[in-house]
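So this block is input_0.tsv, TSV, C-alpha atoms and all ligand atoms:
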```tsv
chain	number	residue	atom	x	y	z
A	22	MET	CA	33.44	33.43	-22.91
A	23	ASP	CA	35.35	32.65	-19.76
A	24	ASP	CA	37.38	29.49	-19.71
A	25	ILE	CA	35.32	27.13	-17.53
A	26	ARG	CA	38.47	25.86	-15.84
A	27	SER	CA	39.09	29.32	-14.45
A	28	ASP	CA	35.51	29.64	-13.07
A	29	PRO	CA	36.17	30.62	-9.44
A	30	GLN	CA	33.21	28.48	-8.26
A	31	LEU	CA	34.49	25.43	-10.09
A	32	ASP	CA	37.84	25.80	-8.42
A	33	PHE	CA	36.02	26.19	-5.11
A	34	HIS	CA	34.16	22.88	-5.61
A	35	ARG	CA	37.36	21.12	-6.61
A	36	ARG	CA	39.05	22.31	-3.44
A	37	LEU	CA	36.02	21.26	-1.35
A	38	ALA	CA	36.19	17.73	-2.85
A	39	GLU	CA	39.87	17.48	-1.95
A	40	GLN	CA	38.86	17.99	1.67
A	41	ASP	CA	35.90	15.51	1.42
A	42	LEU	CA	33.46	18.40	1.49
A	43	ALA	CA	30.59	19.26	-0.86
A	44	ALA	CA	28.22	22.17	-1.50
A	45	LEU	CA	24.59	21.24	-0.81
A	46	TRP	CA	23.18	23.91	-3.12
A	47	VAL	CA	24.91	22.27	-6.07
A	48	ALA	CA	24.15	18.62	-5.17
A	49	ARG	CA	20.42	19.40	-4.82
A	50	ARG	CA	20.10	21.65	-7.90
A	51	GLY	CA	17.24	20.59	-10.14
A	52	VAL	CA	16.27	17.61	-7.96
A	53	ASP	CA	12.56	17.20	-7.17
A	54	LEU	CA	12.60	16.77	-3.41
A	55	SER	CA	8.81	16.89	-3.04
A	56	LYS	CA	8.32	13.11	-3.26
A	57	PRO	CA	10.32	9.87	-3.28
A	58	ARG	CA	11.50	8.49	-6.60
A	59	SER	CA	12.66	4.90	-6.36
A	60	ASP	CA	15.43	3.71	-8.63
A	61	ALA	CA	13.67	0.33	-8.66
A	62	GLN	CA	11.74	-0.58	-11.79
A	63	PRO	CA	8.34	-2.20	-12.00
A	64	LYS	CA	8.99	-5.76	-13.10
A	65	ALA	CA	7.23	-9.10	-13.54
A	66	TRP	CA	8.53	-12.67	-13.78
A	67	LEU	CA	6.32	-15.36	-15.27
A	68	TYR	CA	6.68	-18.64	-13.41
A	69	ASP	CA	6.62	-20.59	-16.69
A	70	ASP	CA	9.78	-18.68	-17.71
A	71	VAL	CA	11.63	-19.08	-14.41
A	72	ARG	CA	10.67	-22.65	-13.46
A	73	PRO	CA	12.77	-24.29	-16.23
A	74	ARG	CA	15.85	-22.35	-14.98
A	75	LEU	CA	15.12	-23.50	-11.43
A	76	MET	CA	14.89	-27.15	-12.55
A	77	GLU	CA	18.14	-26.73	-14.51
A	78	ALA	CA	19.72	-25.49	-11.29
A	79	GLY	CA	18.40	-28.67	-9.69
A	80	ASP	CA	20.52	-30.69	-12.16
A	81	LEU	CA	23.58	-28.47	-11.81
A	82	VAL	CA	24.03	-28.04	-8.06
A	83	ARG	CA	23.15	-29.96	-4.94
A	84	ALA	CA	21.32	-28.12	-2.17
A	85	GLU	CA	24.10	-28.99	0.30
A	86	ASP	CA	26.71	-27.40	-1.98
A	87	ALA	CA	24.73	-24.38	-3.10
A	88	PHE	CA	24.29	-22.68	0.31
A	89	ARG	CA	20.70	-22.39	-0.85
A	90	ARG	CA	19.59	-23.39	-4.33
A	91	VAL	CA	17.84	-20.20	-5.28
A	92	ILE	CA	17.21	-18.34	-8.50
A	93	VAL	CA	17.22	-14.71	-7.43
A	94	LEU	CA	14.66	-12.27	-8.83
A	95	GLU	CA	16.77	-9.21	-9.53
A	96	ASN	CA	15.30	-5.85	-10.27
A	97	PRO	CA	16.81	-4.66	-13.58
A	98	ALA	CA	17.70	-1.38	-11.87
A	99	TYR	CA	19.95	-3.27	-9.45
A	100	ALA	CA	21.61	-5.88	-11.68
A	101	GLY	CA	24.06	-7.99	-9.68
A	102	GLU	CA	22.87	-6.62	-6.34
A	103	MET	CA	20.40	-9.32	-5.28
A	104	ARG	CA	17.56	-6.88	-4.84
A	105	ALA	CA	13.98	-7.19	-6.07
A	106	THR	CA	13.15	-3.76	-4.67
A	107	ASN	CA	15.25	-1.07	-2.98
A	108	THR	CA	14.88	-2.82	0.39
A	109	LEU	CA	13.84	-6.41	-0.35
A	110	TYR	CA	15.43	-9.54	-1.72
A	111	ALA	CA	13.30	-12.20	-3.45
A	112	GLY	CA	14.23	-15.57	-4.87
A	113	LEU	CA	12.71	-18.90	-5.81
A	114	GLN	CA	14.18	-21.77	-3.80
A	115	LEU	CA	14.11	-25.39	-4.94
A	116	VAL	CA	14.49	-28.33	-2.56
A	117	LEU	CA	14.45	-31.72	-4.29
A	118	PRO	CA	13.24	-34.97	-2.71
A	119	GLY	CA	15.71	-36.23	-0.10
A	120	GLU	CA	17.61	-32.95	0.08
A	121	ILE	CA	18.52	-30.86	3.12
A	122	ALA	CA	19.35	-27.16	3.04
A	123	PRO	CA	21.88	-26.93	5.90
A	124	CYS	CA	21.25	-25.14	9.19
A	125	HIS	CA	22.43	-21.57	9.73
A	126	ARG	CA	21.27	-18.28	11.18
A	127	HIS	CA	21.61	-14.63	10.22
A	128	SER	CA	20.51	-11.21	11.34
A	129	GLN	CA	18.27	-10.89	8.28
A	130	THR	CA	14.66	-11.97	8.58
A	131	ALA	CA	13.26	-14.35	5.96
A	132	VAL	CA	9.68	-15.01	4.97
A	133	ARG	CA	8.65	-17.85	2.67
A	134	PHE	CA	5.63	-18.28	0.47
A	135	VAL	CA	5.20	-21.83	-0.78
A	136	ILE	CA	4.68	-22.05	-4.54
A	137	GLU	CA	4.47	-25.76	-5.34
A	138	GLY	CA	5.09	-29.24	-4.00
A	139	GLU	CA	4.29	-31.28	-0.90
A	140	GLY	CA	6.59	-33.07	1.50
A	141	ALA	CA	9.04	-30.37	2.65
A	142	TYR	CA	9.53	-28.94	6.10
A	143	THR	CA	11.32	-25.93	7.45
A	144	SER	CA	12.78	-25.82	10.93
A	145	VAL	CA	13.11	-22.74	13.16
A	146	ASP	CA	15.12	-23.09	16.38
A	147	GLY	CA	14.37	-26.80	16.60
A	148	GLU	CA	10.70	-26.76	15.63
A	149	ARG	CA	9.58	-28.09	12.29
A	150	THR	CA	6.54	-27.21	10.24
A	151	ARG	CA	5.32	-28.99	7.14
A	152	LEU	CA	5.00	-26.79	4.08
A	153	HIS	CA	1.99	-26.79	1.78
A	154	PRO	CA	1.42	-24.58	-1.27
A	155	GLY	CA	0.22	-21.13	-0.21
A	156	ASP	CA	1.63	-21.32	3.32
A	157	PHE	CA	3.31	-18.15	4.62
A	158	VAL	CA	6.24	-18.94	6.91
A	159	VAL	CA	8.41	-16.64	9.01
A	160	THR	CA	12.07	-17.27	9.83
A	161	PRO	CA	12.86	-14.62	12.46
A	162	ALA	CA	16.19	-12.79	12.56
A	163	TRP	CA	18.97	-14.82	14.22
A	164	SER	CA	16.94	-18.04	14.42
A	165	TRP	CA	18.59	-21.34	13.40
A	166	HIS	CA	16.90	-22.73	10.32
A	167	ASP	CA	17.21	-25.62	7.92
A	168	HIS	CA	14.89	-27.05	5.29
A	169	GLY	CA	14.32	-30.59	4.08
A	170	ASN	CA	12.24	-32.39	1.50
A	171	GLN	CA	11.07	-35.78	2.77
A	172	GLY	CA	8.51	-36.21	-0.01
A	173	ASN	CA	8.83	-37.32	-3.60
A	174	GLU	CA	8.30	-34.15	-5.60
A	175	PRO	CA	10.25	-30.90	-6.05
A	176	VAL	CA	9.24	-28.19	-3.60
A	177	VAL	CA	9.54	-24.52	-4.55
A	178	TRP	CA	8.92	-21.46	-2.45
A	179	LEU	CA	9.53	-17.74	-2.73
A	180	ASP	CA	12.02	-16.41	-0.20
A	181	GLY	CA	11.67	-12.78	0.82
A	182	LEU	CA	14.49	-11.30	2.88
A	183	ASP	CA	15.36	-7.86	4.18
A	184	THR	CA	19.01	-8.28	3.08
A	185	PRO	CA	19.26	-4.93	1.21
A	186	LEU	CA	17.85	-3.08	4.21
A	187	VAL	CA	20.06	-4.92	6.71
A	188	GLY	CA	23.04	-4.36	4.42
A	189	PHE	CA	22.32	-0.65	4.23
A	190	LEU	CA	22.33	-0.50	8.03
A	191	ASP	CA	25.63	-2.45	8.17
A	192	THR	CA	24.05	-4.99	10.52
A	193	ALA	CA	24.59	-8.27	8.62
A	194	PHE	CA	25.81	-11.20	10.75
A	195	ARG	CA	25.69	-14.92	10.01
A	196	GLU	CA	26.71	-18.22	11.56
A	197	THR	CA	26.76	-21.80	10.30
A	198	TYR	CA	25.42	-24.51	12.61
A	199	ALA	CA	27.86	-27.29	13.48
A	200	GLU	CA	25.47	-30.00	12.20
A	201	LEU	CA	23.56	-30.29	8.94
A	202	THR	CA	20.22	-29.95	10.73
A	203	HIS	CA	19.15	-28.54	14.08
A	204	PRO	CA	18.01	-31.16	16.60
A	205	VAL	CA	14.24	-31.36	16.88
A	206	LEU	CA	13.34	-29.83	20.27
A	207	ARG	CA	9.55	-29.60	20.09
A	208	PRO	CA	6.72	-31.45	18.37
A	209	GLU	CA	5.87	-30.37	14.83
A	210	ASP	CA	3.64	-27.28	14.74
A	211	ASP	CA	3.90	-26.70	18.49
A	212	ALA	CA	3.70	-22.92	17.90
A	213	GLN	CA	0.52	-23.38	15.90
A	214	ALA	CA	-1.21	-25.00	18.87
A	215	ARG	CA	0.17	-22.57	21.42
A	216	TYR	CA	-0.36	-19.33	19.54
A	217	GLY	CA	-2.28	-20.02	16.34
A	218	ALA	CA	-5.67	-21.11	17.70
A	219	ASN	CA	-6.87	-17.68	18.88
A	220	MET	CA	-5.52	-18.54	22.32
A	221	LEU	CA	-2.26	-17.83	24.12
A	222	PRO	CA	-0.51	-19.55	26.99
A	223	VAL	CA	-1.57	-17.63	30.12
A	224	GLY	CA	1.14	-15.16	31.06
A	225	HIS	CA	2.74	-15.29	27.62
A	226	VAL	CA	5.34	-12.58	27.15
A	227	PRO	CA	6.70	-12.21	23.59
A	228	GLN	CA	10.33	-13.37	23.55
A	229	ARG	CA	11.45	-11.82	20.30
A	230	GLN	CA	10.45	-9.22	17.74
A	231	ALA	CA	8.82	-11.75	15.47
A	232	SER	CA	5.57	-13.62	15.21
A	233	ALA	CA	4.81	-16.33	17.74
A	234	VAL	CA	3.27	-18.23	14.82
A	235	MET	CA	5.69	-19.82	12.40
A	236	ASN	CA	3.42	-21.06	9.64
A	237	TYR	CA	0.28	-19.24	8.49
A	238	SER	CA	-1.39	-22.04	6.58
A	239	TYR	CA	-3.01	-21.29	3.25
A	240	LYS	CA	-5.89	-23.50	4.33
A	241	SER	CA	-6.90	-21.04	7.06
A	242	SER	CA	-5.98	-17.76	5.32
A	243	ARG	CA	-7.78	-18.87	2.16
A	244	ALA	CA	-10.82	-19.91	4.20
A	245	ALA	CA	-10.93	-16.46	5.81
A	246	LEU	CA	-10.98	-14.75	2.41
A	247	ALA	CA	-13.58	-17.17	1.07
A	248	GLN	CA	-15.84	-16.59	4.07
A	249	LEU	CA	-15.56	-12.79	3.82
A	250	ALA	CA	-15.62	-12.40	0.04
A	251	PRO	CA	-19.38	-12.59	-0.64
A	252	THR	CA	-20.26	-9.69	1.67
A	253	ALA	CA	-17.01	-7.77	2.17
A	254	THR	CA	-16.80	-4.07	1.39
A	255	LEU	CA	-14.00	-3.95	-1.13
A	256	ASP	CA	-11.23	-1.42	-0.96
A	257	PRO	CA	-11.43	0.45	-4.29
A	258	ALA	CA	-7.72	-0.18	-4.96
A	259	ASP	CA	-6.93	-3.41	-3.13
A	260	GLY	CA	-10.18	-5.38	-3.04
A	261	LEU	CA	-10.33	-7.58	0.06
A	262	ARG	CA	-6.82	-7.44	1.53
A	263	LEU	CA	-5.84	-8.98	4.86
A	264	ARG	CA	-2.47	-8.83	6.54
A	265	TYR	CA	-0.77	-11.62	8.46
A	266	SER	CA	-0.49	-10.65	12.13
A	267	ASP	CA	1.42	-11.81	15.18
A	268	PRO	CA	-1.34	-13.24	17.40
A	269	ALA	CA	0.50	-12.26	20.57
A	270	THR	CA	0.76	-8.57	19.68
A	271	GLY	CA	-1.51	-7.87	16.74
A	272	GLY	CA	1.55	-6.45	15.04
A	273	TRP	CA	3.42	-7.50	11.94
A	274	PRO	CA	4.99	-10.97	11.73
A	275	SER	CA	8.45	-9.36	11.54
A	276	PRO	CA	9.83	-5.89	12.30
A	277	THR	CA	10.94	-5.37	8.71
A	278	MET	CA	8.59	-7.29	6.43
A	279	GLY	CA	4.84	-7.70	6.31
A	280	GLY	CA	2.74	-10.23	4.42
A	281	PHE	CA	-0.69	-9.85	2.87
A	282	LEU	CA	-3.26	-12.04	1.17
A	283	GLN	CA	-6.00	-10.50	-0.92
A	284	HIS	CA	-8.99	-11.46	-2.99
A	285	LEU	CA	-9.93	-9.61	-6.15
A	286	PRO	CA	-13.30	-10.70	-7.47
A	287	ARG	CA	-13.65	-11.60	-11.16
A	288	GLY	CA	-14.06	-8.39	-13.14
A	289	PHE	CA	-12.46	-6.23	-10.43
A	290	SER	CA	-11.03	-3.04	-11.90
A	291	GLY	CA	-9.18	-1.30	-9.13
A	292	ALA	CA	-8.72	2.40	-8.50
A	293	GLU	CA	-5.21	3.77	-8.82
A	294	ALA	CA	-3.22	4.05	-5.59
A	295	ARG	CA	0.34	4.42	-4.41
A	296	MET	CA	2.12	3.52	-1.21
A	297	THR	CA	5.61	4.16	0.06
A	298	ASP	CA	6.28	0.48	0.82
A	299	SER	CA	7.79	-1.50	-2.04
A	300	THR	CA	5.72	-4.61	-2.69
A	301	ILE	CA	6.35	-8.02	-4.21
A	302	TYR	CA	3.15	-9.75	-5.35
A	303	VAL	CA	2.71	-13.43	-6.09
A	304	CYS	CA	-0.47	-14.57	-7.84
A	305	VAL	CA	-1.78	-17.66	-6.09
A	306	GLU	CA	-5.01	-18.23	-8.00
A	307	GLY	CA	-6.80	-16.68	-10.95
A	308	ARG	CA	-5.67	-14.25	-13.61
A	309	GLY	CA	-5.41	-10.53	-14.06
A	310	ARG	CA	-3.01	-7.66	-14.54
A	311	THR	CA	-1.37	-4.95	-12.54
A	312	ILE	CA	-0.69	-1.64	-14.21
A	313	VAL	CA	2.34	0.03	-12.62
A	314	ASN	CA	3.09	3.59	-13.65
A	315	GLY	CA	1.47	2.98	-17.04
A	316	THR	CA	3.04	-0.44	-17.77
A	317	SER	CA	0.72	-3.44	-17.70
A	318	PHE	CA	1.93	-6.75	-16.26
A	319	GLU	CA	-0.31	-9.77	-16.87
A	320	TRP	CA	-0.27	-12.43	-14.18
A	321	GLY	CA	-1.52	-15.93	-13.58
A	322	SER	CA	-0.78	-18.54	-10.98
A	323	HIS	CA	2.75	-18.29	-9.45
A	324	ASP	CA	3.75	-15.18	-11.42
A	325	VAL	CA	5.57	-12.43	-9.52
A	326	VAL	CA	5.11	-8.65	-9.90
A	327	VAL	CA	7.19	-5.94	-8.21
A	328	VAL	CA	5.64	-2.56	-7.44
A	329	PRO	CA	8.29	-0.06	-6.25
A	330	GLY	CA	7.33	2.46	-3.59
A	331	TRP	CA	5.22	5.47	-4.53
A	332	LEU	CA	4.62	4.42	-8.12
A	333	PRO	CA	0.94	4.45	-9.06
A	334	TYR	CA	-0.52	0.95	-9.50
A	335	ARG	CA	-3.90	-0.57	-10.15
A	336	HIS	CA	-5.10	-4.15	-10.25
A	337	GLU	CA	-7.56	-5.82	-12.59
A	338	ALA	CA	-8.82	-9.37	-12.19
A	339	THR	CA	-10.12	-11.29	-15.19
A	340	ASP	CA	-10.86	-14.32	-12.97
A	341	ASP	CA	-11.43	-14.51	-9.24
A	342	ALA	CA	-7.90	-13.91	-8.03
A	343	ILE	CA	-5.88	-14.43	-4.87
A	344	LEU	CA	-2.67	-12.42	-4.49
A	345	PHE	CA	-0.03	-12.90	-1.84
A	346	SER	CA	2.29	-9.96	-1.22
A	347	LEU	CA	5.13	-8.90	1.01
A	348	SER	CA	6.48	-5.44	1.64
A	349	ASP	CA	8.72	-3.36	3.88
A	350	ARG	CA	5.75	-1.59	5.46
A	351	PRO	CA	6.56	-2.64	9.06
A	352	ALA	CA	10.00	-1.02	8.85
A	353	GLN	CA	8.55	2.14	7.35
A	354	GLN	CA	5.78	2.33	9.93
A	355	ALA	CA	8.18	1.74	12.82
A	356	LEU	CA	10.11	4.78	11.60
A	357	GLY	CA	6.96	6.87	11.10
A	358	LEU	CA	7.54	7.06	7.36
A	359	TRP	CA	4.81	5.01	5.72
A	360	ARG	CA	2.22	6.79	3.57
A	361	GLU	CA	-0.44	5.86	1.10
A	362	ASP	CA	-2.35	7.85	-1.48
A	363	LYS	CA	-5.64	6.33	-2.50
A	364	GLY	CA	-6.91	9.47	-4.19
A	365	ARG	CA	-9.79	9.96	-1.78
B	401	LIG	C1	18.85	-17.72	3.32
B	401	LIG	O1	19.32	-17.99	4.54
B	401	LIG	C2	17.87	-18.54	2.74
B	401	LIG	O2	17.68	-19.89	4.64
B	401	LIG	C3	17.38	-18.23	1.48
B	401	LIG	O3	16.60	-20.49	2.90
B	401	LIG	C4	17.85	-17.15	0.78
B	401	LIG	C5	19.29	-15.20	0.65
B	401	LIG	C6	20.23	-14.38	1.20
B	401	LIG	C7	20.72	-14.63	2.47
B	401	LIG	C8	20.28	-15.73	3.18
B	401	LIG	C9	17.35	-19.73	3.48
B	401	LIG	C10	18.83	-16.32	1.34
B	401	LIG	C11	19.32	-16.58	2.62
```

What does this structure look like when you write it as structure tokens?
Ligand code: 1HN
Amino acid sequence: MDDIRSDPQLDFHRRLAEQDLAALWVARRGVDLSKPRSDAQPKAWLYDDVRPRLMEAGDLVRAEDAFRRVIVLENPAYAGEMRATNTLYAGLQLVLPGEIAPCHRHSQTAVRFVIEGEGAYTSVDGERTRLHPGDFVVTPAWSWHDHGNQGNEPVVWLDGLDTPLVGFLDTAFRETYAELTHPVLRPEDDAQARYGANMLPVGHVPQRQASAVMNYSYKSSRAALAQLAPTATLDPADGLRLRYSDPATGGWPSPTMGGFLQHLPRGFSGAEARMTDSTIYVCVEGRGRTIVNGTSFEWGSHDVVVVPGWLPYRHEATDDAILFSLSDRPAQQALGLWREDKGR
């Protein structure tokens, strides 16, 4: 047999590498290029397991010192990389009574889904909104934001950010505000009145690529699902699933991340589907399981499940269930890349 070191092709590839060149026919050999294959793993976190760690963090660090006091949900495939999926960051943030999470802004967009506790607010560019469990809140890219807890119980929410995506594009910028909090410039929930009542100021022209509405209250989203549920035609895979929309455009609440709220009736046994967007689910009410690529993840209230893009999933609900979810679908759709396969 020939000595492999004298293989003329091997020598060729070595010389290519020395010139920062590579042969495509070798790099692509044996790779299935017919469909995407995410490195991300399906994964679930039970709130009962994570909450004690979050409360420990509450004893260990002050919000002012921690930048943000967040326990990050890291996909095991990306240990140390602050990624829940290939494109999305997720973490559970704790703000204790009396605390302030200092004001800053960054080019990443954040969305929040409130898990527990009353009495906190978040501020976006000088407008505050009070947070209640189940509220979906958008912090647009490059908007000044701080959070505070003026109540008397711990407040926890899930942060979703597009940090991996923004990092991949080398577009990450951030700035710290000179003061701890942004001055209050408008009455609380001003945006809700202006844009969130199925009306718009006459002549309104969207000022930024983000929702005019800041806080999508659980009260109203939950009421919509409850009203529709008895007569709705269910999607075989996703039950009754609504998306949060920007009332001024009908589009997504942010250019990179979308939010959804869905109802799965008790006994629902969903058809298998797959979608190219990677999705982070949070159970809000009820119980059930999601089977992702053959692995079953049981969930109850506040548990989190990650479904990477293009892996087959199906949902089952053992009780009437409400699931919140966020995904990178807006970014994929803007680029003409999003697909779904519902086997029909
Ligand atoms: C951030 O600004 C917040 O403002 C939370 O609450 C989590 C994770 C990475 C980068 C910025 C916040 C964050 C973050």

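Interatomic distance, CA of Gly280 in chain A against CA of Pro118 in chain A: 27.8 Å.
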
*When the cut-off is 8 Å and you count all atoms listed in the file, which residues lie near ligand LIG 401 (chain B), shown as a list in words?*
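So, counting all atoms listed in the file, the residues near ligand LIG 401 (chain B) are Phe88, Arg89, Val91, Tyr110, Ala111, Gly112, Gln114, Ala122, Cys124, His125, Arg126, His127, Gln129, Ala131, His166, Asp167, His168, Asp180, Gly181, Leu182 and Thr184 of chain A.
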
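When CA of Trp359 in chain A is paired with CA of Thr277 in chain A, their separation reads 12.4 Å.
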
*Given only C-alpha atoms as the counted atoms, nearest of A:Glu306, A:Asp60, A:Glu39, A:Glu120 to Glu174 in chain A*: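 That would be A:Glu120, the residue with the smallest distance to Glu174 in chain A.
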
*Using all atoms listed in the file, which residues sit within 8 Å of Asp267 in chain A once same-chain residues fewer than 6 positions away are excluded, as a ChimeraX atom specification?*
/A:231-234,273-274

*May I ask which of the residues A:Tyr239, A:Pro123, A:Asp53, A:Asp146 is the closest one to Thr197 in chain A, counting all atoms listed in the file?*
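Using all atoms listed in the file, the shortest distance to Thr197 in chain A belongs to A:Pro123.
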
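Among the candidate residues A:Gly307, A:Asp86, A:Ser266, A:Gly272, the one lying nearest to Pro286 in chain A is A:Gly307, with distances computed using only C-alpha atoms.
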
*What does the distance from CA of Ala84 in chain A to CA of Leu115 in chain A come to in Å, to one decimal?*
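Interatomic distance here is 8.2 Å.
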
*Taking (7.3, -6.5, 0.1) in the file's own coordinates, collect the residues within 10 Å, counting only C-alpha atoms, and hand them back as a ChimeraX atom specification.*
/A:105-106,108-111,181-183,277-281,298-302,327-330,345-351

*Of the residues A:Phe318, A:Lys240, A:Ala100, A:Lys56, which is the one nearest to Arg360 in chain A, using all atoms listed in the file?*
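Closest to Arg360 in chain A, using all atoms listed in the file: A:Lys56.
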
*Which polymer residues have any atom within 9 Å of an atom of Glu293 in chain A, counting only C-alpha atoms, with same-chain residues fewer than 3 positions away left out, as a ChimeraX atom specification?*
/A:257-258,312,333-336,362-364

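With all atoms listed in the file as the basis for measurement, A:Leu285 is the residue among A:Leu190, A:Leu285, A:Ala162, A:Ala338 that approaches Leu255 in chain A most closely.
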
Missing atoms in range 74-88 of chain A need filling: write out N, CA, C and O atoms for it as a PDB file, in the frame of the given file.
```
ATOM      1  N   ARG A  74      14.508 -22.710 -15.460  1.00  0.00           N
ATOM      2  CA  ARG A  74      15.850 -22.350 -14.980  1.00  0.00           C
ATOM      3  C   ARG A  74      16.079 -22.947 -13.589  1.00  0.00           C
ATOM      4  O   ARG A  74      17.167 -23.400 -13.256  1.00  0.00           O
ATOM      5  N   LEU A  75      15.023 -22.959 -12.794  1.00  0.00           N
ATOM      6  CA  LEU A  75      15.120 -23.500 -11.430  1.00  0.00           C
ATOM      7  C   LEU A  75      15.387 -25.006 -11.496  1.00  0.00           C
ATOM      8  O   LEU A  75      16.224 -25.541 -10.758  1.00  0.00           O
ATOM      9  N   MET A  76      14.697 -25.705 -12.417  1.00  0.00           N
ATOM     10  CA  MET A  76      14.890 -27.150 -12.550  1.00  0.00           C
ATOM     11  C   MET A  76      16.273 -27.466 -13.127  1.00  0.00           C
ATOM     12  O   MET A  76      16.903 -28.442 -12.741  1.00  0.00           O
ATOM     13  N   GLU A  77      16.757 -26.593 -14.025  1.00  0.00           N
ATOM     14  CA  GLU A  77      18.140 -26.730 -14.510  1.00  0.00           C
ATOM     15  C   GLU A  77      19.112 -26.626 -13.354  1.00  0.00           C
ATOM     16  O   GLU A  77      20.083 -27.392 -13.260  1.00  0.00           O
ATOM     17  N   ALA A  78      18.856 -25.661 -12.468  1.00  0.00           N
ATOM     18  CA  ALA A  78      19.720 -25.490 -11.290  1.00  0.00           C
ATOM     19  C   ALA A  78      19.697 -26.753 -10.445  1.00  0.00           C
ATOM     20  O   ALA A  78      20.711 -27.136  -9.846  1.00  0.00           O
ATOM     21  N   GLY A  79      18.538 -27.422 -10.428  1.00  0.00           N
ATOM     22  CA  GLY A  79      18.400 -28.670  -9.690  1.00  0.00           C
ATOM     23  C   GLY A  79      19.329 -29.756 -10.230  1.00  0.00           C
ATOM     24  O   GLY A  79      19.817 -30.599  -9.477  1.00  0.00           O
ATOM     25  N   ASP A  80      19.591 -29.720 -11.547  1.00  0.00           N
ATOM     26  CA  ASP A  80      20.520 -30.690 -12.160  1.00  0.00           C
ATOM     27  C   ASP A  80      21.969 -30.288 -11.938  1.00  0.00           C
ATOM     28  O   ASP A  80      22.856 -31.129 -11.895  1.00  0.00           O
ATOM     29  N   LEU A  81      22.200 -28.985 -11.834  1.00  0.00           N
ATOM     30  CA  LEU A  81      23.580 -28.470 -11.810  1.00  0.00           C
ATOM     31  C   LEU A  81      24.214 -28.486 -10.434  1.00  0.00           C
ATOM     32  O   LEU A  81      25.407 -28.745 -10.314  1.00  0.00           O
ATOM     33  N   VAL A  82      23.448 -28.148  -9.407  1.00  0.00           N
ATOM     34  CA  VAL A  82      24.030 -28.040  -8.060  1.00  0.00           C
ATOM     35  C   VAL A  82      23.175 -28.786  -7.038  1.00  0.00           C
ATOM     36  O   VAL A  82      21.947 -28.854  -7.160  1.00  0.00           O
ATOM     37  N   ARG A  83      23.851 -29.314  -6.046  1.00  0.00           N
ATOM     38  CA  ARG A  83      23.150 -29.960  -4.940  1.00  0.00           C
ATOM     39  C   ARG A  83      22.843 -28.901  -3.880  1.00  0.00           C
ATOM     40  O   ARG A  83      23.623 -27.971  -3.676  1.00  0.00           O
ATOM     41  N   ALA A  84      21.719 -29.094  -3.181  1.00  0.00           N
ATOM     42  CA  ALA A  84      21.320 -28.120  -2.170  1.00  0.00           C
ATOM     43  C   ALA A  84      22.414 -27.940  -1.125  1.00  0.00           C
ATOM     44  O   ALA A  84      22.706 -26.824  -0.697  1.00  0.00           O
ATOM     45  N   GLU A  85      23.059 -29.034  -0.740  1.00  0.00           N
ATOM     46  CA  GLU A  85      24.100 -28.990   0.300  1.00  0.00           C
ATOM     47  C   GLU A  85      25.285 -28.126  -0.142  1.00  0.00           C
ATOM     48  O   GLU A  85      25.947 -27.506   0.683  1.00  0.00           O
ATOM     49  N   ASP A  86      25.548 -28.123  -1.469  1.00  0.00           N
ATOM     50  CA  ASP A  86      26.710 -27.400  -1.980  1.00  0.00           C
ATOM     51  C   ASP A  86      26.387 -25.954  -2.348  1.00  0.00           C
ATOM     52  O   ASP A  86      27.283 -25.128  -2.512  1.00  0.00           O
ATOM     53  N   ALA A  87      25.109 -25.669  -2.502  1.00  0.00           N
ATOM     54  CA  ALA A  87      24.730 -24.380  -3.100  1.00  0.00           C
ATOM     55  C   ALA A  87      24.505 -23.287  -2.065  1.00  0.00           C
ATOM     56  O   ALA A  87      24.167 -22.180  -2.430  1.00  0.00           O
ATOM     57  N   PHE A  88      24.702 -23.605  -0.756  1.00  0.00           N
ATOM     58  CA  PHE A  88      24.290 -22.680   0.310  1.00  0.00           C
ATOM     59  C   PHE A  88      22.768 -22.690   0.379  1.00  0.00           C
ATOM     60  O   PHE A  88      22.191 -23.207   1.324  1.00  0.00           O
TER      61      PHE A  88
END
```
